[in-house]
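Q: I am sharing target_20.pdb, which consists of PDB, C-alpha atoms:
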```
ATOM      1  CA  MET A   1      99.326 106.628  48.646
ATOM      2  CA  PRO A   2     102.038 106.836  51.287
ATOM      3  CA  ARG A   3     104.024 103.711  52.001
ATOM      4  CA  ILE A   4     105.898 102.582  55.063
ATOM      5  CA  VAL A   5     109.179 100.952  54.150
ATOM      6  CA  VAL A   6     110.588  98.321  56.509
ATOM      7  CA  ASP A   7     114.142  97.072  56.017
ATOM      8  CA  VAL A   8     115.221  93.804  57.638
ATOM      9  CA  MET A   9     118.798  92.487  57.689
ATOM     10  CA  PRO A  10     120.343  89.274  58.991
ATOM     11  CA  LYS A  11     122.032  89.905  62.332
ATOM     12  CA  PRO A  12     125.721  90.822  61.965
ATOM     13  CA  GLU A  13     126.883  87.711  63.847
ATOM     14  CA  ILE A  14     124.889  85.402  61.575
ATOM     15  CA  LEU A  15     126.605  84.066  58.513
ATOM     16  CA  ASP A  16     124.467  85.004  55.517
ATOM     17  CA  PRO A  17     124.795  82.088  53.062
ATOM     18  CA  GLN A  18     123.040  83.998  50.275
ATOM     19  CA  GLY A  19     125.302  87.021  50.652
ATOM     20  CA  LYS A  20     128.294  84.714  50.620
ATOM     21  CA  ALA A  21     127.165  83.179  47.334
ATOM     22  CA  ILE A  22     126.666  86.629  45.810
ATOM     23  CA  VAL A  23     130.092  87.887  46.867
ATOM     24  CA  GLY A  24     131.548  84.787  45.240
ATOM     25  CA  ALA A  25     129.769  85.540  41.955
ATOM     26  CA  LEU A  26     130.676  89.237  41.696
ATOM     27  CA  PRO A  27     134.370  88.865  40.733
ATOM     28  CA  ARG A  28     133.417  86.462  37.948
ATOM     29  CA  LEU A  29     131.619  89.408  36.327
ATOM     30  CA  GLY A  30     134.546  91.752  36.862
ATOM     31  CA  PHE A  31     133.131  93.450  39.983
ATOM     32  CA  THR A  32     136.233  93.118  42.122
ATOM     33  CA  ALA A  33     135.792  96.015  44.549
ATOM     34  CA  PHE A  34     133.412  94.299  46.978
ATOM     35  CA  SER A  35     134.767  92.189  49.809
ATOM     36  CA  SER A  36     131.455  91.252  51.406
ATOM     37  CA  VAL A  37     127.717  91.163  50.625
ATOM     38  CA  ARG A  38     124.821  90.814  53.016
ATOM     39  CA  GLN A  39     121.339  90.270  51.654
ATOM     40  CA  GLY A  40     118.318  91.666  53.451
ATOM     41  CA  LYS A  41     114.634  92.249  52.803
ATOM     42  CA  ARG A  42     112.642  95.384  52.051
ATOM     43  CA  PHE A  43     108.899  95.494  52.754
ATOM     44  CA  GLU A  44     106.597  98.233  51.453
ATOM     45  CA  LEU A  45     103.385  98.654  53.417
ATOM     46  CA  THR A  46     100.853 100.816  51.583
ATOM     47  CA  VAL A  47      98.557 102.982  53.703
ATOM     48  CA  ASP A  48      95.216 104.277  52.475
ATOM     49  CA  GLY A  49      95.284 107.838  53.745
ATOM     50  CA  GLU A  50      97.541 109.598  56.181
ATOM     51  CA  VAL A  51     100.255 107.789  58.135
ATOM     52  CA  THR A  52      99.506 108.618  61.748
ATOM     53  CA  GLU A  53     101.777 107.891  64.694
ATOM     54  CA  GLU A  54      99.427 105.036  65.565
ATOM     55  CA  ILE A  55      99.776 103.463  62.119
ATOM     56  CA  LEU A  56     103.544 103.871  62.243
ATOM     57  CA  ALA A  57     103.559 102.154  65.633
ATOM     58  CA  GLN A  58     101.547  99.293  64.108
ATOM     59  CA  ALA A  59     104.126  98.998  61.330
ATOM     60  CA  ARG A  60     106.951  98.823  63.872
ATOM     61  CA  ASP A  61     105.055  96.160  65.799
ATOM     62  CA  ALA A  62     104.399  94.150  62.624
ATOM     63  CA  ALA A  63     108.065  94.478  61.698
ATOM     64  CA  GLU A  64     109.132  92.936  65.014
ATOM     65  CA  THR A  65     106.482  90.198  65.214
ATOM     66  CA  LEU A  66     105.939  88.981  61.657
ATOM     67  CA  LEU A  67     108.267  90.647  59.156
ATOM     68  CA  SER A  68     111.430  89.721  61.052
ATOM     69  CA  ASN A  69     112.569  86.912  63.317
ATOM     70  CA  PRO A  70     114.503  88.520  66.198
ATOM     71  CA  VAL A  71     116.613  85.378  66.598
ATOM     72  CA  ILE A  72     118.274  85.844  63.215
ATOM     73  CA  GLU A  73     117.283  89.292  61.920
ATOM     74  CA  ASP A  74     117.239  92.983  62.880
ATOM     75  CA  VAL A  75     114.727  95.585  61.759
ATOM     76  CA  VAL A  76     117.178  98.250  60.625
ATOM     77  CA  ASN A  77     114.784 100.866  59.263
ATOM     78  CA  VAL A  78     111.090 101.827  59.368
ATOM     79  CA  GLU A  79     110.270 104.986  57.434
ATOM     80  CA  VAL A  80     107.418 106.696  55.621
ATOM     81  CA  VAL A  81     107.827 107.276  51.902
ATOM     82  CA  GLU A  82     105.330 109.535  50.147
ATOM     83  CA  ALA A  83     104.271 108.203  46.770
TER      84      ALA A  83
ATOM     85  CA  MET B   1      90.816  52.429  58.728
ATOM     86  CA  THR B   2      92.732  49.470  57.361
ATOM     87  CA  GLU B   3      95.659  50.306  55.188
ATOM     88  CA  LEU B   4      98.257  47.608  54.854
ATOM     89  CA  PRO B   5     101.882  48.204  54.035
ATOM     90  CA  LEU B   6     102.719  47.419  50.417
ATOM     91  CA  ILE B   7     105.998  45.689  51.202
ATOM     92  CA  GLY B   8     107.294  43.917  54.270
ATOM     93  CA  GLU B   9     105.679  42.814  57.459
ATOM     94  CA  ALA B  10     102.257  44.248  58.077
ATOM     95  CA  VAL B  11     102.820  45.418  61.628
ATOM     96  CA  ALA B  12     106.185  46.463  62.954
ATOM     97  CA  VAL B  13     104.954  47.074  66.458
ATOM     98  CA  ALA B  14     103.464  44.632  68.931
ATOM     99  CA  ALA B  15      99.769  45.398  68.900
ATOM    100  CA  ASN B  16      98.574  46.902  72.139
ATOM    101  CA  PRO B  17      94.796  47.360  72.231
ATOM    102  CA  GLN B  18      95.217  50.387  74.476
ATOM    103  CA  LEU B  19      97.183  52.168  71.766
ATOM    104  CA  ALA B  20      94.456  52.198  69.134
ATOM    105  CA  GLY B  21      92.467  54.535  71.348
ATOM    106  CA  ALA B  22      95.316  57.057  71.341
ATOM    107  CA  ARG B  23      94.574  59.925  68.981
ATOM    108  CA  ILE B  24      97.470  61.748  67.338
ATOM    109  CA  GLY B  25      96.643  64.954  65.486
ATOM    110  CA  VAL B  26      98.479  65.675  62.227
ATOM    111  CA  VAL B  27      98.337  69.317  61.132
ATOM    112  CA  THR B  28      97.899  70.354  57.505
ATOM    113  CA  PHE B  29      98.749  73.885  56.376
ATOM    114  CA  PRO B  30      98.478  75.122  52.795
ATOM    115  CA  GLY B  31     101.714  73.755  51.323
ATOM    116  CA  THR B  32     102.223  70.903  53.793
ATOM    117  CA  LEU B  33     103.634  67.821  52.028
ATOM    118  CA  ASP B  34     104.174  65.077  54.538
ATOM    119  CA  ASP B  35     100.889  64.969  56.424
ATOM    120  CA  ARG B  36      99.794  61.733  54.755
ATOM    121  CA  ASP B  37     103.081  60.019  55.579
ATOM    122  CA  ALA B  38     102.906  61.274  59.164
ATOM    123  CA  ALA B  39      99.343  59.963  59.515
ATOM    124  CA  ARG B  40     100.450  56.638  58.079
ATOM    125  CA  ALA B  41     103.326  56.466  60.565
ATOM    126  CA  VAL B  42     100.866  57.085  63.399
ATOM    127  CA  ARG B  43      98.662  54.265  62.078
ATOM    128  CA  LEU B  44     101.588  51.861  61.652
ATOM    129  CA  ALA B  45     102.636  52.610  65.224
ATOM    130  CA  GLY B  46      99.203  51.451  66.322
ATOM    131  CA  ALA B  47      97.326  54.681  67.043
ATOM    132  CA  THR B  48      94.574  56.651  65.344
ATOM    133  CA  PRO B  49      95.648  59.674  63.273
ATOM    134  CA  VAL B  50      93.380  62.715  63.408
ATOM    135  CA  GLU B  51      93.453  65.257  60.589
ATOM    136  CA  LEU B  52      93.799  68.831  61.828
ATOM    137  CA  TRP B  53      93.419  71.846  59.539
ATOM    138  CA  HIS B  54      95.420  75.025  60.093
ATOM    139  CA  ALA B  55      92.254  77.142  60.239
ATOM    140  CA  ASP B  56      90.636  74.975  62.924
ATOM    141  CA  THR B  57      90.025  76.838  66.143
ATOM    142  CA  THR B  58      89.969  73.798  68.424
ATOM    143  CA  LEU B  59      92.342  70.882  68.878
ATOM    144  CA  GLY B  60      89.638  68.368  69.679
ATOM    145  CA  ASP B  61      90.553  65.534  71.995
ATOM    146  CA  VAL B  62      93.955  64.625  70.570
ATOM    147  CA  ASP B  63      96.603  63.134  72.850
ATOM    148  CA  ALA B  64      99.555  64.503  70.863
ATOM    149  CA  VAL B  65     100.229  66.542  67.728
ATOM    150  CA  VAL B  66     102.599  66.095  64.792
ATOM    151  CA  ILE B  67     103.444  69.159  62.690
ATOM    152  CA  PRO B  68     104.725  67.596  59.479
ATOM    153  CA  GLY B  69     107.126  68.813  56.834
ATOM    154  CA  GLY B  70     106.552  70.649  53.601
ATOM    155  CA  PHE B  71     106.513  74.241  52.483
ATOM    156  CA  SER B  72     103.715  75.861  54.467
ATOM    157  CA  TYR B  73     102.627  79.086  52.769
ATOM    158  CA  GLY B  74     105.324  78.444  50.163
ATOM    159  CA  ASP B  75     108.055  79.237  52.722
ATOM    160  CA  TYR B  76     107.248  82.877  51.938
ATOM    161  CA  LEU B  77     108.731  85.466  54.300
ATOM    162  CA  ARG B  78     110.648  82.823  56.283
ATOM    163  CA  ALA B  79     110.072  79.078  56.555
ATOM    164  CA  GLY B  80     107.268  78.608  59.083
ATOM    165  CA  ALA B  81     106.786  82.322  59.732
ATOM    166  CA  ILE B  82     103.237  82.629  58.422
ATOM    167  CA  ALA B  83     102.110  79.186  59.601
ATOM    168  CA  ARG B  84     103.084  80.186  63.116
ATOM    169  CA  PHE B  85     100.156  82.631  63.189
ATOM    170  CA  ALA B  86      97.533  80.153  61.923
ATOM    171  CA  PRO B  87      94.526  79.870  64.284
ATOM    172  CA  LEU B  88      95.323  76.265  65.201
ATOM    173  CA  MET B  89      98.905  77.139  66.152
ATOM    174  CA  SER B  90      97.825  79.341  69.059
ATOM    175  CA  LYS B  91      95.857  76.357  70.417
ATOM    176  CA  ILE B  92      98.887  74.103  70.003
ATOM    177  CA  ILE B  93     101.174  76.628  71.698
ATOM    178  CA  ASP B  94      98.770  76.939  74.650
ATOM    179  CA  ALA B  95      98.361  73.152  74.958
ATOM    180  CA  ALA B  96     102.122  72.555  74.747
ATOM    181  CA  ASN B  97     102.753  75.099  77.506
ATOM    182  CA  SER B  98      99.806  73.961  79.658
ATOM    183  CA  GLU B  99      99.874  71.773  82.752
ATOM    184  CA  ALA B 100      98.911  68.799  80.551
ATOM    185  CA  LYS B 101     102.032  69.376  78.403
ATOM    186  CA  LEU B 102     100.623  68.133  75.128
ATOM    187  CA  PRO B 103     103.343  66.212  73.255
ATOM    188  CA  VAL B 104     104.198  68.067  70.014
ATOM    189  CA  LEU B 105     106.600  66.838  67.328
ATOM    190  CA  GLY B 106     107.737  69.196  64.568
ATOM    191  CA  ILE B 107     109.436  67.606  61.587
ATOM    192  CA  CYS B 108     111.413  69.722  59.086
ATOM    193  CA  ASN B 109     109.021  72.582  58.228
ATOM    194  CA  GLY B 110     107.237  71.628  61.457
ATOM    195  CA  PHE B 111     110.505  72.244  63.348
ATOM    196  CA  GLN B 112     110.797  75.623  61.623
ATOM    197  CA  ILE B 113     107.223  76.443  62.685
ATOM    198  CA  LEU B 114     108.045  75.484  66.295
ATOM    199  CA  THR B 115     111.053  77.826  66.377
ATOM    200  CA  GLU B 116     109.012  80.644  64.822
ATOM    201  CA  SER B 117     106.393  79.938  67.529
ATOM    202  CA  HIS B 118     109.106  80.220  70.208
ATOM    203  CA  LEU B 119     108.169  76.771  71.525
ATOM    204  CA  LEU B 120     111.766  75.872  70.689
ATOM    205  CA  PRO B 121     114.785  78.219  70.740
ATOM    206  CA  GLY B 122     117.000  79.169  67.810
ATOM    207  CA  SER B 123     116.117  79.259  64.151
ATOM    208  CA  MET B 124     116.851  77.682  60.798
ATOM    209  CA  ILE B 125     118.587  79.465  57.949
ATOM    210  CA  LYS B 126     119.560  78.346  54.467
ATOM    211  CA  ASN B 127     121.905  75.342  54.268
ATOM    212  CA  ASP B 128     125.528  76.525  54.369
ATOM    213  CA  HIS B 129     126.134  75.017  50.896
ATOM    214  CA  LEU B 130     122.954  76.738  49.592
ATOM    215  CA  LYS B 131     121.557  73.609  47.937
ATOM    216  CA  PHE B 132     118.504  71.520  48.647
ATOM    217  CA  MET B 133     119.732  68.215  50.026
ATOM    218  CA  CYS B 134     118.023  64.837  50.112
ATOM    219  CA  ARG B 135     119.837  61.852  51.608
ATOM    220  CA  ASP B 136     119.629  59.057  54.134
ATOM    221  CA  GLN B 137     121.065  60.531  57.308
ATOM    222  CA  VAL B 138     122.505  58.887  60.390
ATOM    223  CA  LEU B 139     121.453  60.508  63.677
ATOM    224  CA  ARG B 140     122.554  59.810  67.212
ATOM    225  CA  VAL B 141     119.884  59.867  69.921
ATOM    226  CA  GLU B 142     121.297  62.091  72.682
ATOM    227  CA  ASN B 143     118.280  62.176  74.990
ATOM    228  CA  ASN B 144     115.668  59.456  75.418
ATOM    229  CA  SER B 145     113.699  61.139  78.178
ATOM    230  CA  THR B 146     111.540  63.273  75.852
ATOM    231  CA  ALA B 147     107.952  62.370  74.994
ATOM    232  CA  TRP B 148     109.083  61.302  71.515
ATOM    233  CA  THR B 149     112.292  59.343  72.171
ATOM    234  CA  GLY B 150     111.555  56.988  75.071
ATOM    235  CA  ASP B 151     111.752  53.874  72.884
ATOM    236  CA  TYR B 152     115.335  54.647  71.832
ATOM    237  CA  ALA B 153     118.533  54.144  73.802
ATOM    238  CA  VAL B 154     120.873  57.047  74.492
ATOM    239  CA  GLY B 155     123.703  56.826  71.982
ATOM    240  CA  GLN B 156     121.620  54.729  69.568
ATOM    241  CA  GLU B 157     122.217  55.569  65.927
ATOM    242  CA  ILE B 158     119.264  55.636  63.551
ATOM    243  CA  THR B 159     119.066  56.271  59.817
ATOM    244  CA  VAL B 160     116.174  58.354  58.469
ATOM    245  CA  PRO B 161     115.720  60.473  55.329
ATOM    246  CA  LEU B 162     116.671  64.144  55.363
ATOM    247  CA  LYS B 163     115.450  66.647  52.787
ATOM    248  CA  ASN B 164     115.675  70.379  53.214
ATOM    249  CA  GLN B 165     116.907  73.701  51.945
ATOM    250  CA  ASP B 166     116.645  75.813  55.096
ATOM    251  CA  GLY B 167     118.021  73.261  57.543
ATOM    252  CA  GLN B 168     120.945  75.033  59.146
ATOM    253  CA  TYR B 169     120.147  75.196  62.856
ATOM    254  CA  ILE B 170     121.514  78.299  64.512
ATOM    255  CA  ALA B 171     121.287  79.919  67.928
ATOM    256  CA  ASP B 172     123.613  82.167  69.898
ATOM    257  CA  GLU B 173     126.416  80.523  71.887
ATOM    258  CA  LYS B 174     124.666  81.121  75.207
ATOM    259  CA  THR B 175     121.518  79.339  73.992
ATOM    260  CA  LEU B 176     123.568  76.476  72.545
ATOM    261  CA  ASP B 177     125.478  76.076  75.823
ATOM    262  CA  ALA B 178     122.198  76.044  77.757
ATOM    263  CA  LEU B 179     120.690  73.437  75.411
ATOM    264  CA  GLU B 180     123.741  71.215  75.882
ATOM    265  CA  ALA B 181     123.808  71.693  79.657
ATOM    266  CA  GLU B 182     120.121  70.860  80.017
ATOM    267  CA  GLY B 183     120.319  67.815  77.746
ATOM    268  CA  ARG B 184     117.975  69.401  75.243
ATOM    269  CA  VAL B 185     120.012  68.438  72.194
ATOM    270  CA  VAL B 186     117.950  65.368  71.340
ATOM    271  CA  PHE B 187     119.550  64.347  68.015
ATOM    272  CA  ARG B 188     122.907  65.025  66.406
ATOM    273  CA  TYR B 189     124.072  64.384  62.855
ATOM    274  CA  VAL B 190     126.630  61.566  62.690
ATOM    275  CA  GLY B 191     129.415  61.305  60.126
ATOM    276  CA  PHE B 192     128.283  64.242  58.014
ATOM    277  CA  ASN B 193     126.690  67.561  58.850
ATOM    278  CA  PRO B 194     124.318  68.077  55.917
ATOM    279  CA  ASN B 195     123.523  71.763  56.403
ATOM    280  CA  GLY B 196     126.073  73.476  58.630
ATOM    281  CA  SER B 197     123.930  73.229  61.771
ATOM    282  CA  ARG B 198     125.673  74.475  64.898
ATOM    283  CA  ARG B 199     127.280  71.672  66.913
ATOM    284  CA  ASP B 200     125.821  69.086  64.500
ATOM    285  CA  ILE B 201     122.389  69.607  66.053
ATOM    286  CA  ALA B 202     119.608  67.786  64.193
ATOM    287  CA  GLY B 203     116.863  68.097  66.808
ATOM    288  CA  ILE B 204     116.102  69.718  70.157
ATOM    289  CA  SER B 205     113.395  69.752  72.821
ATOM    290  CA  ASN B 206     111.813  72.275  75.144
ATOM    291  CA  ALA B 207     112.671  72.209  78.840
ATOM    292  CA  ALA B 208     109.767  69.903  79.722
ATOM    293  CA  GLY B 209     110.606  67.440  76.931
ATOM    294  CA  ASN B 210     107.085  67.346  75.489
ATOM    295  CA  VAL B 211     107.970  69.476  72.458
ATOM    296  CA  VAL B 212     110.577  68.062  70.076
ATOM    297  CA  GLY B 213     111.652  69.382  66.684
ATOM    298  CA  LEU B 214     114.066  67.939  64.150
ATOM    299  CA  MET B 215     114.980  68.502  60.510
ATOM    300  CA  PRO B 216     115.219  64.854  59.316
ATOM    301  CA  HIS B 217     112.094  62.814  58.620
ATOM    302  CA  PRO B 218     111.339  59.837  60.892
ATOM    303  CA  GLU B 219     107.888  59.462  59.288
ATOM    304  CA  HIS B 220     109.572  58.361  56.048
ATOM    305  CA  ALA B 221     111.341  55.478  57.828
ATOM    306  CA  VAL B 222     108.489  53.452  59.280
ATOM    307  CA  GLU B 223     107.887  50.762  56.729
ATOM    308  CA  ALA B 224     110.206  48.030  55.469
ATOM    309  CA  GLY B 225     110.921  48.485  51.765
ATOM    310  CA  PHE B 226     110.276  52.229  51.736
ATOM    311  CA  GLY B 227     112.731  53.577  54.272
ATOM    312  CA  PRO B 228     116.501  54.018  53.990
ATOM    313  CA  GLU B 229     118.455  51.037  52.704
ATOM    314  CA  GLU B 230     120.906  51.291  55.558
ATOM    315  CA  GLY B 231     119.707  49.736  58.775
ATOM    316  CA  SER B 232     116.205  48.322  59.111
ATOM    317  CA  GLY B 233     114.578  51.133  57.150
ATOM    318  CA  THR B 234     112.052  51.515  59.929
ATOM    319  CA  GLU B 235     114.196  53.307  62.468
ATOM    320  CA  GLY B 236     111.888  56.332  62.547
ATOM    321  CA  LEU B 237     108.954  54.364  63.920
ATOM    322  CA  GLY B 238     110.300  54.725  67.457
ATOM    323  CA  PHE B 239     109.196  58.382  67.559
ATOM    324  CA  PHE B 240     105.591  57.352  67.193
ATOM    325  CA  THR B 241     105.703  54.306  69.455
ATOM    326  CA  SER B 242     107.520  56.407  72.083
ATOM    327  CA  VAL B 243     104.746  58.960  72.319
ATOM    328  CA  LEU B 244     102.105  56.222  72.358
ATOM    329  CA  ASN B 245     103.786  54.443  75.224
ATOM    330  CA  LYS B 246     104.040  57.777  77.002
ATOM    331  CA  ILE B 247     100.334  58.471  76.491
ATOM    332  CA  VAL B 248      99.229  54.986  77.495
ATOM    333  CA  GLY B 249     101.628  54.944  80.427
ATOM    334  CA  GLY B 250     100.280  58.293  81.573
ATOM    335  CA  ASN B 251      96.708  57.038  81.420
ATOM    336  CA  LYS B 252      97.321  53.951  83.518
TER     337      LYS B 252
END
```
Go ahead and express the file in the form of structure tokens.
A:
Amino acid sequence: MPRIVVDVMPKPEILDPQGKAIVGALPRLGFTAFSSVRQGKRFELTVDGEVTEEILAQARDAAETLLSNPVIEDVVNVEVVEA
Amino acid sequence: MTELPLIGEAVAVAANPQLAGARIGVVTFPGTLDDRDAARAVRLAGATPVELWHADTTLGDVDAVVIPGGFSYGDYLRAGAIARFAPLMSKIIDAANSEAKLPVLGICNGFQILTESHLLPGSMIKNDHLKFMCRDQVLRVENNSTAWTGDYAVGQEITVPLKNQDGQYIADEKTLDALEAEGRVVFRYVGFNPNGSRRDIAGISNAAGNVVGLMPHPEHAVEAGFGPEEGSGTEGLGFFTSVLNKIVGGNK
């Protein structure tokens, strides 16, 4: 089954409290190379059958209306992944 | 329905027979926690609470709506994001935007649902300190011309409980400036900002003033003996009496 992957990230200008907590924890484990972390979300939408342009358009629409909140998040990627 | 307070004076508000006819809807979603307290606050203020279910497709003849706190749909996706698309919400959005300007109050998760619904601008993200916080919180009333704040004085400080994890109010600078300029910052945190909210904002309204959302919980401060120890403990009751006076005043 093909899947449509949607990646959502907090907007660059929005402080990401979760990312901030993660970047604080990394050096305690010896991972000292990372100066910043931002945490996003990945959605996998499974499609029964072929992914048509119309279905892809639906996924983009769903990404903007439900999967992300445009006030605080950006949809950074919508792509088809074959299983 | 007669349900007397367990502690303290039975009625905090001067009984007005006109008020009992006022019907205030209280919405329950899967995962809502504070619907019973909100209904009780409505009753203690002198009106009749009306249970509304998220899957209902009509609002009935309610005069106002409270969207209470909790964790609707487990806060999955984003707090309030799934609740926003419940069948009843589209009715509430239409009624709030209609000529009649149905008064709508969103408390905590209800506030999050109102921002996800775009009835109120901005959004809530995780508290800046990342922890769930529960405390008695002092708020300053910045605007008493909304449907839900008429019984308060501008500058009045009230103490009500606050309890949230995703309570950090954010919006872009332009939106914040517009909210300030239009007097739509209705409540501000006093003394301590419990979640990193921009400009200490605890609650806001829409342009018409019929829709108000805030993170703290006035419905938990309506009954002597159960509310915050600071102040009278019943300083949240004014929300509910305000909207009743507005409704009754409007019907005269």
Q: I need the output of the ChimeraX specification (/A :<8) & /B for this file as a list in words; which residues are they?
A: Leu77, Ala81, Ile82, Glu116, Gly122, Ser123, Lys126, Asn127, Asp128, His129, Leu130 and Ala171 of chain B
Q: One decimal, in Å: what's the spacing between CA of Leu237 (chain B) and CA of Asp75 (chain B)?
A: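 These atoms are spaced 27.3 Å apart.
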Q: Evaluate the PyMOL selection byres ((chain B and resi 45) around 7) here and jot the selected residues down as a list in words.
A: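 Written out, the selection comes to Val13, Ala41, Val42, Arg43, Leu44, Gly46, Ala47, Leu237, Phe240 and Thr241 of chain B.
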Q: Return as a PyMOL selection string the set of residues that the PyMOL selection byres ((chain B and resi 93) around 10) yields on the displayed structure.
A: chain B and resi 84+88-92+94-98+101-102+104+114+117-119+211
Q: So the first atom is CA of Gly31 (chain B) and the second is CA of Thr149 (chain B); what is the distance between them in Å, to one decimal place?
A: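 Going from CA of Gly31 (chain B) over to CA of Thr149 (chain B), I get 27.5 Å.
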Q: What does the distance between CA of Asp63 (chain B) and CA of Gly21 (chain B) come to in Å, to one decimal place?
A: 9.7 Å
Q: Pick the closest to Tyr189 (chain B) from B:Val66, B:Val212, B:Ala202, B:Met133: which is it, counting only C-alpha atoms?
A: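 Selected residue with least distance to Tyr189 (chain B): B:Ala202.
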Q: Which one is closest to Arg60 (chain A): A:Val76, A:Ala33, A:Lys11, A:Gln39? Count only C-alpha atoms.
A: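 Answer, going by the shortest atom-to-atom distance: A:Val76.
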Q: Asp56 (chain B): which residues within 9 Å, counting only C-alpha atoms, same-chain residues fewer than 4 positions away excluded, as a ChimeraX atom specification?
A: /B:52,86-88
